[in-house]
Amino acid sequence: MPLNRKVVLKSRPDGMPTPENFSVEDAETGELPPDHVLVEVDTIGIDAFIRTTLDAEGHHERSGFETPVIALGVGQVIESTVTPCQPAPGLRDLPSPRHML
């Protein structure tokens with residue numbers, strides 16, 4: 001089973017974020033439930049948008065404690081239980097920021 005590596009918010013930064021505000025966790029993906037896709041992330045965007053999600057209040061959806069930090073990325077579907085979204089060599093998909101993969 002593939003591993004899911006995620007950056008998790010442990011505390012809200014006071015000023016510039018530091019490594020102490022985060023943890024990196026690995027977990028097995030498990031069996032894919034109905035109507036889900038498993039995406040292997042190729043590229044992830046690290047920009048000002050992510051920083052604004054770390055604040056207690058802001059213009060965007062906030063990252064919660066003990067949950068993955070919200071980010072945008074590009075990846076390839078490697079497994080799917082959704083009929084119109086089957087794995088294909090070279091397929092790239094841009095997930096919405098609400099998809100935690």
# chains A, B, ... in the order shown; residues from 1 in each chain; ligands from 1
>>> select_by_dssp(residues="chain A", states="helix (DSSP H, G or I)", output="list of chain:residue names")
A:Pro19, A:Glu20, A:Asn21, A:Ala48, A:Phe49, A:Ile50, A:Arg51, A:Thr52, A:Thr53, A:Leu54
>>> write_last_selection(atoms="C-alpha atoms", output="PDB file, in the first residue's frame")
ATOM      1  CA  PRO A  19       9.547  23.890  12.014  1.00  0.00           C
ATOM      2  CA  GLU A  20       8.082  23.620  15.527  1.00  0.00           C
ATOM      3  CA  ASN A  21       4.682  24.684  14.132  1.00  0.00           C
ATOM      4  CA  ALA A  48       1.594  33.181   0.162  1.00  0.00           C
ATOM      5  CA  PHE A  49      -1.801  31.438  -0.011  1.00  0.00           C
ATOM      6  CA  ILE A  50      -0.562  28.704   2.338  1.00  0.00           C
ATOM      7  CA  ARG A  51       0.747  31.264   4.843  1.00  0.00           C
ATOM      8  CA  THR A  52      -2.669  32.969   5.030  1.00  0.00           C
ATOM      9  CA  THR A  53      -4.333  29.631   5.897  1.00  0.00           C
ATOM     10  CA  LEU A  54      -2.107  29.276   8.984  1.00  0.00           C
TER      11      LEU A  54
END
>>> select_by_dssp(residues="chain A", states="strand (DSSP E)", output="PyMOL selection string")
chain A and resi 3-9+22-28+37-44+73-80
>>> write_last_selection(atoms="C-alpha atoms", output="tab-separated table (two decimals), in the first residue's frame")
chain	number	residue	atom	x	y	z
A	3	LEU	CA	2.19	5.87	1.99
A	4	ASN	CA	0.56	9.27	2.37
A	5	ARG	CA	3.07	11.86	3.57
A	6	LYS	CA	1.46	15.00	4.96
A	7	VAL	CA	2.53	18.19	6.68
A	8	VAL	CA	0.33	18.74	9.75
A	9	LEU	CA	-0.22	22.03	11.57
A	22	PHE	CA	4.48	21.53	11.98
A	23	SER	CA	5.05	17.80	11.89
A	24	VAL	CA	5.55	15.49	8.93
A	25	GLU	CA	3.55	12.28	9.18
A	26	ASP	CA	3.41	9.13	7.07
A	27	ALA	CA	0.39	6.83	7.04
A	28	GLU	CA	-0.71	3.95	4.83
A	37	VAL	CA	-9.26	8.72	-6.20
A	38	LEU	CA	-5.67	8.23	-5.10
A	39	VAL	CA	-3.36	10.86	-6.61
A	40	GLU	CA	0.43	10.72	-6.62
A	41	VAL	CA	1.46	14.34	-6.19
A	42	ASP	CA	4.06	15.50	-8.68
A	43	THR	CA	4.31	19.21	-7.82
A	44	ILE	CA	2.96	21.23	-4.90
A	73	GLY	CA	-0.77	20.73	-6.54
A	74	VAL	CA	-0.58	18.67	-9.68
A	75	GLY	CA	-0.53	14.89	-9.71
A	76	GLN	CA	-1.41	11.67	-11.48
A	77	VAL	CA	-4.37	9.44	-10.66
A	78	ILE	CA	-2.89	6.05	-9.72
A	79	GLU	CA	-6.03	4.37	-8.39
A	80	SER	CA	-9.71	5.21	-8.67
>>> closest_residue(among="A:Met16, A:Ile46, A:Ser11, A:His36", to="Ser63 of chain A", atoms="only C-alpha atoms")
A:Ser11
